[in-house]
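Q: One structure coming up, written as structure tokens, with questions to follow.
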Amino acid sequence: MPLEQLERLQIIPGSLAEVWSFFGRPENLADITPAWLGFRVTSPPRDEMYAGMIITYTVSPLLGLALPWVTEITHCAEPGFFVDEQRLGPYRFWHHQHRFREVAGGVEMRDLIHYRLPLGPLGRVASGLVRGRLEAIFDFRREAVARLFPGGGTEPASLA
């Protein structure tokens with residue numbers, strides 16, 4: 001099964017320091033994740049993000065069954081970008097780049113996710129469903145971020 005890709009772009013009003021301060025704290029993820037995902041950060045809060053940081057969560061993507069998810073921050077260059085990679089969880093492969101840069105009107109936030117589903121042929125069958133759920137998660141995230149950082153315009157949610 002090939003790697004799937006999802007890319008999102010959003011302009012967030014505010015300074016790079018403000019945006020990094022929010023996104024650099026894993027405990028804030030719950031505020032921008034839809035409730036139906038059952039997302040909960042289980043690792044203790046940290047004062048700063050750093051390469052090598054391990055973050056633990058539980059998610060309930062199907063039928064309310066809680067699954068563990070462990071990611072590692074593999075790259076971190078404050079305030080410009082960080083990468084989280086799954087170490088244990090629902091995907092066979094998960095690599096999520098978060099990039100931030102100052103632009104007119106605030107900060108451009110770009111998410112680039114590469115993922116692969118497990119279970120071979122069964123994963124291929126579920127691919128469309130999973131893609132739709134990921135898009136719904138990032139649509140929700142876009143709206144939540146717009147509420148948390150009001151007062152600016154945004155770019156299209158997805159890139160071709």
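FYI, nothing fancy with the structure tokens labels: chains A, B, ... in order, residues from 1 per chain, ligands from 1 as they appear.
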Could you pull out the residues in stretch 19-151 of chain A that DSSP calls helix (DSSP H, G or I) from the backbone, as an MDAnalysis selection string?
A: chainID A and resid 19:23 26:32 35:37 120:148
Q: Residues as selected, N, CA and C atoms, written as a short mmCIF file (atom, residue, chain, number, x, y, z; two decimals), in the first residue's frame, can you do that?
A:
data_model
loop_
_atom_site.label_atom_id
_atom_site.label_comp_id
_atom_site.auth_asym_id
_atom_site.auth_seq_id
_atom_site.Cartn_x
_atom_site.Cartn_y
_atom_site.Cartn_z
N VAL A 19 1.75 31.68 18.37
CA VAL A 19 1.31 30.46 17.69
C VAL A 19 2.18 29.29 18.14
N TRP A 20 3.49 29.49 18.20
CA TRP A 20 4.38 28.41 18.64
C TRP A 20 4.06 28.02 20.09
N SER A 21 3.81 29.00 20.92
CA SER A 21 3.49 28.72 22.32
C SER A 21 2.30 27.79 22.45
N PHE A 22 1.30 27.97 21.59
CA PHE A 22 0.12 27.10 21.64
C PHE A 22 0.43 25.72 21.06
N PHE A 23 0.97 25.67 19.85
CA PHE A 23 1.17 24.38 19.18
C PHE A 23 2.34 23.58 19.73
N PRO A 26 1.74 19.89 23.73
CA PRO A 26 0.86 18.78 23.34
C PRO A 26 -0.48 18.76 24.06
N GLU A 27 -0.55 19.25 25.29
CA GLU A 27 -1.82 19.22 26.01
C GLU A 27 -2.88 20.09 25.34
N ASN A 28 -2.47 21.02 24.48
CA ASN A 28 -3.44 21.85 23.76
C ASN A 28 -4.12 21.12 22.61
N LEU A 29 -3.59 19.98 22.21
CA LEU A 29 -4.18 19.22 21.10
C LEU A 29 -5.64 18.86 21.37
N ALA A 30 -5.97 18.55 22.59
CA ALA A 30 -7.35 18.18 22.92
C ALA A 30 -8.33 19.32 22.60
N ASP A 31 -7.86 20.57 22.69
CA ASP A 31 -8.72 21.72 22.41
C ASP A 31 -9.04 21.88 20.93
N ILE A 32 -8.25 21.25 20.07
CA ILE A 32 -8.45 21.42 18.63
C ILE A 32 -8.74 20.08 17.93
N ALA A 35 -14.42 15.90 19.62
CA ALA A 35 -14.74 15.03 20.75
C ALA A 35 -15.00 13.59 20.31
N TRP A 36 -15.56 13.40 19.11
CA TRP A 36 -15.88 12.04 18.66
C TRP A 36 -14.66 11.16 18.49
N LEU A 37 -13.46 11.76 18.47
CA LEU A 37 -12.23 10.96 18.34
C LEU A 37 -11.79 10.39 19.69
N GLY A 120 -2.72 -4.50 5.37
CA GLY A 120 -2.66 -4.85 3.95
C GLY A 120 -3.94 -4.60 3.20
N PRO A 121 -4.56 -5.68 2.63
CA PRO A 121 -5.77 -5.51 1.83
C PRO A 121 -6.93 -4.88 2.61
N LEU A 122 -7.05 -5.21 3.88
CA LEU A 122 -8.11 -4.62 4.70
C LEU A 122 -7.87 -3.11 4.86
N GLY A 123 -6.61 -2.73 5.03
CA GLY A 123 -6.27 -1.31 5.11
C GLY A 123 -6.62 -0.57 3.83
N ARG A 124 -6.41 -1.22 2.68
CA ARG A 124 -6.77 -0.60 1.40
C ARG A 124 -8.28 -0.38 1.32
N VAL A 125 -9.04 -1.33 1.81
CA VAL A 125 -10.50 -1.20 1.81
C VAL A 125 -10.93 -0.03 2.69
N ALA A 126 -10.26 0.16 3.82
CA ALA A 126 -10.62 1.21 4.77
C ALA A 126 -10.02 2.57 4.41
N SER A 127 -9.20 2.63 3.38
CA SER A 127 -8.46 3.84 3.05
C SER A 127 -9.37 5.06 2.86
N GLY A 128 -10.45 4.92 2.12
CA GLY A 128 -11.35 6.06 1.89
C GLY A 128 -12.00 6.55 3.16
N LEU A 129 -12.42 5.62 4.01
CA LEU A 129 -13.03 5.98 5.29
C LEU A 129 -12.03 6.72 6.17
N VAL A 130 -10.82 6.19 6.26
CA VAL A 130 -9.79 6.83 7.10
C VAL A 130 -9.45 8.21 6.56
N ARG A 131 -9.33 8.33 5.25
CA ARG A 131 -9.03 9.63 4.64
C ARG A 131 -10.12 10.65 4.99
N GLY A 132 -11.38 10.22 4.88
CA GLY A 132 -12.49 11.11 5.22
C GLY A 132 -12.46 11.54 6.68
N ARG A 133 -12.11 10.62 7.56
CA ARG A 133 -12.05 10.97 8.99
C ARG A 133 -10.88 11.91 9.27
N LEU A 134 -9.74 11.67 8.63
CA LEU A 134 -8.60 12.58 8.80
C LEU A 134 -8.96 13.98 8.30
N GLU A 135 -9.62 14.05 7.15
CA GLU A 135 -10.03 15.36 6.64
C GLU A 135 -11.00 16.04 7.61
N ALA A 136 -11.91 15.27 8.19
CA ALA A 136 -12.86 15.83 9.17
C ALA A 136 -12.12 16.34 10.41
N ILE A 137 -11.12 15.61 10.86
CA ILE A 137 -10.33 16.04 12.02
C ILE A 137 -9.64 17.37 11.72
N PHE A 138 -9.03 17.47 10.55
CA PHE A 138 -8.31 18.70 10.22
C PHE A 138 -9.27 19.84 9.86
N ASP A 139 -10.46 19.54 9.36
CA ASP A 139 -11.48 20.58 9.18
C ASP A 139 -11.89 21.14 10.54
N PHE A 140 -12.11 20.26 11.50
CA PHE A 140 -12.46 20.68 12.85
C PHE A 140 -11.32 21.52 13.44
N ARG A 141 -10.10 21.04 13.26
CA ARG A 141 -8.93 21.74 13.80
C ARG A 141 -8.84 23.15 13.23
N ARG A 142 -9.10 23.28 11.94
CA ARG A 142 -9.06 24.59 11.29
C ARG A 142 -10.05 25.54 11.94
N GLU A 143 -11.27 25.08 12.16
CA GLU A 143 -12.30 25.91 12.78
C GLU A 143 -11.96 26.23 14.23
N ALA A 144 -11.44 25.26 14.96
CA ALA A 144 -11.07 25.49 16.36
C ALA A 144 -9.94 26.51 16.47
N VAL A 145 -8.96 26.41 15.59
CA VAL A 145 -7.85 27.37 15.60
C VAL A 145 -8.36 28.76 15.26
N ALA A 146 -9.29 28.86 14.31
CA ALA A 146 -9.86 30.16 13.96
C ALA A 146 -10.60 30.77 15.15
N ARG A 147 -11.24 29.94 15.98
CA ARG A 147 -11.92 30.45 17.18
C ARG A 147 -10.90 30.87 18.25
N LEU A 148 -9.81 30.13 18.38
CA LEU A 148 -8.81 30.44 19.39
C LEU A 148 -7.96 31.65 19.03
#
Q: Give me, as a PyMOL selection string, all polymer residues having an atom no more than 9 Å from stretch 62-76 of chain A, counting only C-alpha atoms and skipping those fewer than 6 positions away in the same chain.
A: chain A and resi 36-39+49-56+82-90+94+97
Q: Could you find all residues in chain A that DSSP calls strand (DSSP E) from the backbone, and write them as an MDAnalysis selection string?
A: chainID A and resid 4:12 40:41 54:59 67:77 81:88 93:103 106:116
